[in-house]
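Peer 1: Shown below is the structure under consideration.
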Amino acid sequence: MAAPYTGRCVCGAVTATIKGEPLAVAQCWCRQCQKLAGGAATVNARFDLGDVEITGELASYGYTAASGNAYTQMFCPSCGNPVMAKTSGRPNARTFRLGFLDEGHGLKPTISIWLSEAPDWAVVDPAIDQHQEQPPIPPPAD
Ligand SMILES: [Zn+2]
Ligand SMILES: [Zn+2]
């Protein structure tokens with residue numbers, strides 16, 4: 001499937017429409033993501049903020065990520081489903097869990113990061129880019 005992408009939380013109180021293609025789709029094995037994902041990696045699609053439309057109320061929680069960036073996780077206050085995240089490293093982007101997007105989105109990770117924190121049973125597709133930590137953020141293209 002191609003844009004627009006749609007998504008909804010488990011209870012349906014929060015929905016999203018995303019009208020552009022993702023800038024990146026990544027799997028993250030950092031310890032914080034293992035907590036958020038319930039044990040394995042999170043799988044996240046990063047979109048341009050200008051392409052994102054949200055309906056419904058969001059609750060949020062902020063922390064400093066392993067990369068040193070200030071992260072804000074936004075979730076549905078009634079069902080707790082993760083909706084999206086923002087990071088001080090990329091203020092003009094929003095990151096969505098692939099699981100939040102509606103079935104049939106067809107997106108898959110092309111990069112795996114923070115493998116240094118992955119459990120020893122983690123299996124990563126050898127066909128995708130693998131990084132022990134977070135690769136440096138390239139300068140913005142103008
Ligand atoms: Zn919900
Ligand atoms: Zn992570």
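Naming scheme: A, B, ... for chains in displayed order of the structure tokens; residues 1 onward per chain; ligands 1 onward as shown.
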Need the shell around Cys30 of chain A: protein/DNA/RNA residues with any atom at most 9 Å away, counting only C-alpha atoms. Skip same-chain ones fewer than 5 positions apart. Format as an MDAnalysis selection string?
Peer 2: chainID A and resid 35 41:42 65:66 113:118 133
Peer 1: With DSSP run on the backbone, what are the strand (DSSP E or B) residues within chain A? I'd like them as a PyMOL selection string.
Peer 2: chain A and resi 5-8+15-18+24-28+42-48+52-55+59-64+70-75+82-87+90-97+101+111-113+129-130
Peer 1: Point out the residue among A:Ala59, A:Gln130, A:Pro135, A:Pro109 with the least atom-to-atom distance to Gly89 of chain A, counting only C-alpha atoms.
Peer 2: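 The closest residue to Gly89 of chain A is A:Pro135.
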Peer 1: Residues near Ser112 of chain A, anyone? I mean within 8 Å using only C-alpha atoms, not counting same-chain ones fewer than 6 positions away, as a list in words.
Peer 2: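 Once the adjacent positions are removed, what remains is Ala26, Gln27, Cys28, Trp29, Val124, Ile128, Asp129, Gln130 and His131 of chain A.
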Peer 1: Just the selected residues (all heavy atoms), exported as a short mmCIF file (atom, residue, chain, number, x, y, z; two decimals), in the first residue's frame, please.
Peer 2:
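Result saved to again-v8.cif:
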data_model
loop_
_atom_site.label_atom_id
_atom_site.label_comp_id
_atom_site.auth_asym_id
_atom_site.auth_seq_id
_atom_site.Cartn_x
_atom_site.Cartn_y
_atom_site.Cartn_z
N ALA A 26 12.36 1.77 10.98
CA ALA A 26 13.47 1.21 11.76
C ALA A 26 12.96 0.33 12.90
O ALA A 26 11.88 0.54 13.44
CB ALA A 26 14.32 2.32 12.34
N GLN A 27 13.81 -0.64 13.23
CA GLN A 27 13.57 -1.50 14.39
C GLN A 27 14.54 -1.02 15.47
O GLN A 27 15.71 -0.83 15.18
CB GLN A 27 13.93 -2.90 13.94
CG GLN A 27 13.68 -4.01 14.89
CD GLN A 27 14.16 -5.33 14.27
OE1 GLN A 27 15.31 -5.47 13.89
NE2 GLN A 27 13.25 -6.27 14.15
N CYS A 28 14.08 -0.80 16.70
CA CYS A 28 14.97 -0.33 17.77
C CYS A 28 14.96 -1.28 18.95
O CYS A 28 13.92 -1.58 19.52
CB CYS A 28 14.59 1.07 18.24
SG CYS A 28 15.75 1.68 19.49
N TRP A 29 16.19 -1.75 19.30
CA TRP A 29 16.35 -2.72 20.39
C TRP A 29 16.85 -2.06 21.67
O TRP A 29 17.31 -2.77 22.57
CB TRP A 29 17.34 -3.80 19.96
CG TRP A 29 16.79 -4.75 18.97
CD1 TRP A 29 16.93 -4.69 17.61
CD2 TRP A 29 16.02 -5.92 19.23
NE1 TRP A 29 16.30 -5.75 17.02
CE2 TRP A 29 15.72 -6.52 17.99
CE3 TRP A 29 15.53 -6.51 20.40
CZ2 TRP A 29 14.97 -7.69 17.88
CZ3 TRP A 29 14.78 -7.67 20.28
CH2 TRP A 29 14.51 -8.26 19.03
N VAL A 124 17.71 -10.84 13.86
CA VAL A 124 17.52 -9.68 12.98
C VAL A 124 17.76 -10.12 11.54
O VAL A 124 18.73 -10.82 11.25
CB VAL A 124 18.49 -8.54 13.38
CG1 VAL A 124 18.36 -7.36 12.43
CG2 VAL A 124 18.22 -8.11 14.81
N ILE A 128 18.89 -6.40 6.34
CA ILE A 128 18.70 -4.98 6.66
C ILE A 128 19.95 -4.42 7.34
O ILE A 128 20.75 -5.16 7.91
CB ILE A 128 17.42 -4.73 7.50
CG1 ILE A 128 17.55 -5.26 8.93
CG2 ILE A 128 16.21 -5.31 6.81
CD1 ILE A 128 16.34 -4.94 9.81
N ASP A 129 20.11 -3.10 7.29
CA ASP A 129 21.24 -2.40 7.93
C ASP A 129 21.21 -2.64 9.42
O ASP A 129 20.15 -2.48 10.04
CB ASP A 129 21.07 -0.88 7.73
CG ASP A 129 21.69 -0.42 6.44
OD1 ASP A 129 22.43 -1.21 5.82
OD2 ASP A 129 21.43 0.74 6.08
N GLN A 130 22.37 -2.94 10.00
CA GLN A 130 22.42 -3.22 11.43
C GLN A 130 23.42 -2.30 12.11
O GLN A 130 24.53 -2.12 11.62
CB GLN A 130 22.80 -4.69 11.66
CG GLN A 130 21.78 -5.63 11.03
CD GLN A 130 22.01 -7.07 11.41
OE1 GLN A 130 22.63 -7.36 12.43
NE2 GLN A 130 21.49 -7.98 10.60
N HIS A 131 23.02 -1.72 13.24
CA HIS A 131 23.88 -0.79 13.97
C HIS A 131 23.88 -1.16 15.45
O HIS A 131 22.82 -1.42 16.02
CB HIS A 131 23.38 0.65 13.82
CG HIS A 131 23.47 1.13 12.40
ND1 HIS A 131 24.56 1.79 11.89
CD2 HIS A 131 22.60 0.99 11.37
CE1 HIS A 131 24.36 2.06 10.61
NE2 HIS A 131 23.17 1.58 10.27
#
Peer 1: Quick one: contact table of chain A to ligand 1, 12 Å max, nearest atom pair and distance in Å to one decimal per residue, counting only C-alpha atoms and all ligand atoms, chain and number order, as CSV?
Peer 2:
residue,atom,partner,partner_atom_place_in_ligand_line,distance
A:Gly7,CA,ligand 1,1 (Zn),11.1
A:Arg8,CA,ligand 1,1 (Zn),7.6
A:Cys9,CA,ligand 1,1 (Zn),4.5
A:Val10,CA,ligand 1,1 (Zn),5.1
A:Cys11,CA,ligand 1,1 (Zn),3.9
A:Gly12,CA,ligand 1,1 (Zn),5.2
A:Ala13,CA,ligand 1,1 (Zn),4.8
A:Val14,CA,ligand 1,1 (Zn),5.7
A:Thr15,CA,ligand 1,1 (Zn),8.7
A:Ala16,CA,ligand 1,1 (Zn),11.8
A:Thr55,CA,ligand 1,1 (Zn),11.2
A:Gly56,CA,ligand 1,1 (Zn),8.9
A:Glu57,CA,ligand 1,1 (Zn),9.2
A:Leu58,CA,ligand 1,1 (Zn),9.1
A:Ala59,CA,ligand 1,1 (Zn),10.5
A:Met74,CA,ligand 1,1 (Zn),11.3
A:Phe75,CA,ligand 1,1 (Zn),7.8
A:Cys76,CA,ligand 1,1 (Zn),4.6
A:Pro77,CA,ligand 1,1 (Zn),6.6
A:Ser78,CA,ligand 1,1 (Zn),5.2
A:Cys79,CA,ligand 1,1 (Zn),4.1
A:Gly80,CA,ligand 1,1 (Zn),6.2
A:Asn81,CA,ligand 1,1 (Zn),5.8
A:Pro82,CA,ligand 1,1 (Zn),8.7
A:Val83,CA,ligand 1,1 (Zn),8.9
A:Phe100,CA,ligand 1,1 (Zn),10.3
Peer 1: Hey, can you spit out that residue selection with C-alpha atoms as a PDB file, in the first residue's frame?
Peer 2:
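Here's the written file again02.pdb:
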ATOM      1  CA  GLY A   7      -4.142   4.097  11.950  1.00  0.00           C
ATOM      2  CA  ARG A   8      -6.203   3.743  15.105  1.00  0.00           C
ATOM      3  CA  CYS A   9      -5.571   2.775  18.704  1.00  0.00           C
ATOM      4  CA  VAL A  10      -7.049  -0.377  20.206  1.00  0.00           C
ATOM      5  CA  CYS A  11     -10.155   1.436  21.543  1.00  0.00           C
ATOM      6  CA  GLY A  12     -10.593   3.709  18.514  1.00  0.00           C
ATOM      7  CA  ALA A  13     -10.527   7.025  20.444  1.00  0.00           C
ATOM      8  CA  VAL A  14      -7.382   8.142  18.569  1.00  0.00           C
ATOM      9  CA  THR A  15      -6.990   7.919  14.808  1.00  0.00           C
ATOM     10  CA  ALA A  16      -4.344   9.146  12.391  1.00  0.00           C
ATOM     11  CA  THR A  55      -7.959  13.010  15.888  1.00  0.00           C
ATOM     12  CA  GLY A  56      -8.653  12.396  19.575  1.00  0.00           C
ATOM     13  CA  GLU A  57      -6.881  13.286  22.805  1.00  0.00           C
ATOM     14  CA  LEU A  58      -3.307  12.161  23.499  1.00  0.00           C
ATOM     15  CA  ALA A  59      -1.507  11.657  26.794  1.00  0.00           C
ATOM     16  CA  MET A  74       2.253   9.951  23.001  1.00  0.00           C
ATOM     17  CA  PHE A  75      -0.444   7.401  23.710  1.00  0.00           C
ATOM     18  CA  CYS A  76      -4.187   6.999  23.994  1.00  0.00           C
ATOM     19  CA  PRO A  77      -5.262   7.913  27.549  1.00  0.00           C
ATOM     20  CA  SER A  78      -8.101   5.386  27.558  1.00  0.00           C
ATOM     21  CA  CYS A  79      -6.492   2.232  26.136  1.00  0.00           C
ATOM     22  CA  GLY A  80      -2.784   3.054  26.562  1.00  0.00           C
ATOM     23  CA  ASN A  81      -1.959   2.160  22.964  1.00  0.00           C
ATOM     24  CA  PRO A  82       1.233   3.909  21.743  1.00  0.00           C
ATOM     25  CA  VAL A  83       0.335   6.388  18.987  1.00  0.00           C
ATOM     26  CA  PHE A 100      -0.751   1.414  15.259  1.00  0.00           C
TER      27      PHE A 100
END
Peer 1: Can you tell me, as an mmCIF file with C-alpha atoms, in the first residue's frame, which residues in segment 2-126 of chain A count as helix (DSSP H, G or I) by DSSP?
Peer 2:
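The resulting out-v3.cif:
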data_model
loop_
_atom_site.group_PDB
_atom_site.id
_atom_site.type_symbol
_atom_site.label_atom_id
_atom_site.label_comp_id
_atom_site.auth_asym_id
_atom_site.auth_seq_id
_atom_site.Cartn_x
_atom_site.Cartn_y
_atom_site.Cartn_z
ATOM 1 C CA ARG A 31 16.265 -1.035 26.616
ATOM 2 C CA GLN A 32 13.600 1.676 26.723
ATOM 3 C CA CYS A 33 12.014 0.291 23.557
ATOM 4 C CA GLN A 34 12.097 -3.234 24.995
ATOM 5 C CA LYS A 35 10.035 -1.924 27.922
ATOM 6 C CA LEU A 36 7.640 -0.068 25.630
ATOM 7 C CA ALA A 37 7.241 -3.022 23.264
ATOM 8 C CA LEU A 49 5.195 16.204 10.785
ATOM 9 C CA GLY A 50 3.387 18.108 8.023
ATOM 10 C CA ASP A 51 1.926 14.845 6.682
ATOM 11 C CA LEU A 98 3.852 -0.022 12.780
ATOM 12 C CA GLY A 99 1.274 -1.797 14.958
ATOM 13 C CA PHE A 100 -0.751 1.414 15.259
ATOM 14 C CA LEU A 115 21.698 -4.084 18.776
ATOM 15 C CA SER A 116 24.225 -3.658 21.617
ATOM 16 C CA GLU A 117 21.215 -3.741 24.000
#
Peer 1: Measuring between only C-alpha atoms and all ligand atoms, which one of A:Asn44, A:Ile54, A:Thr6, A:Arg94 shows the shortest distance to ligand 2?
Peer 2: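 For ligand 2, the nearest of the given residues is A:Asn44.
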Peer 1: For atom CA of His105 of chain A and atom CA of Val52 of chain A, quote the distance in Å rounded to one decimal.
Peer 2: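 According to the coordinates, atom CA of His105 of chain A and atom CA of Val52 of chain A are separated by 15.4 Å.
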Peer 1: Find, counting only C-alpha atoms and all ligand atoms, the residue in A:Ala24, A:Val123, A:Ala85, A:Ala2 that gets nearest to ligand 2.
Peer 2: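 Distance minimum relative to ligand 2 lands on A:Ala85.
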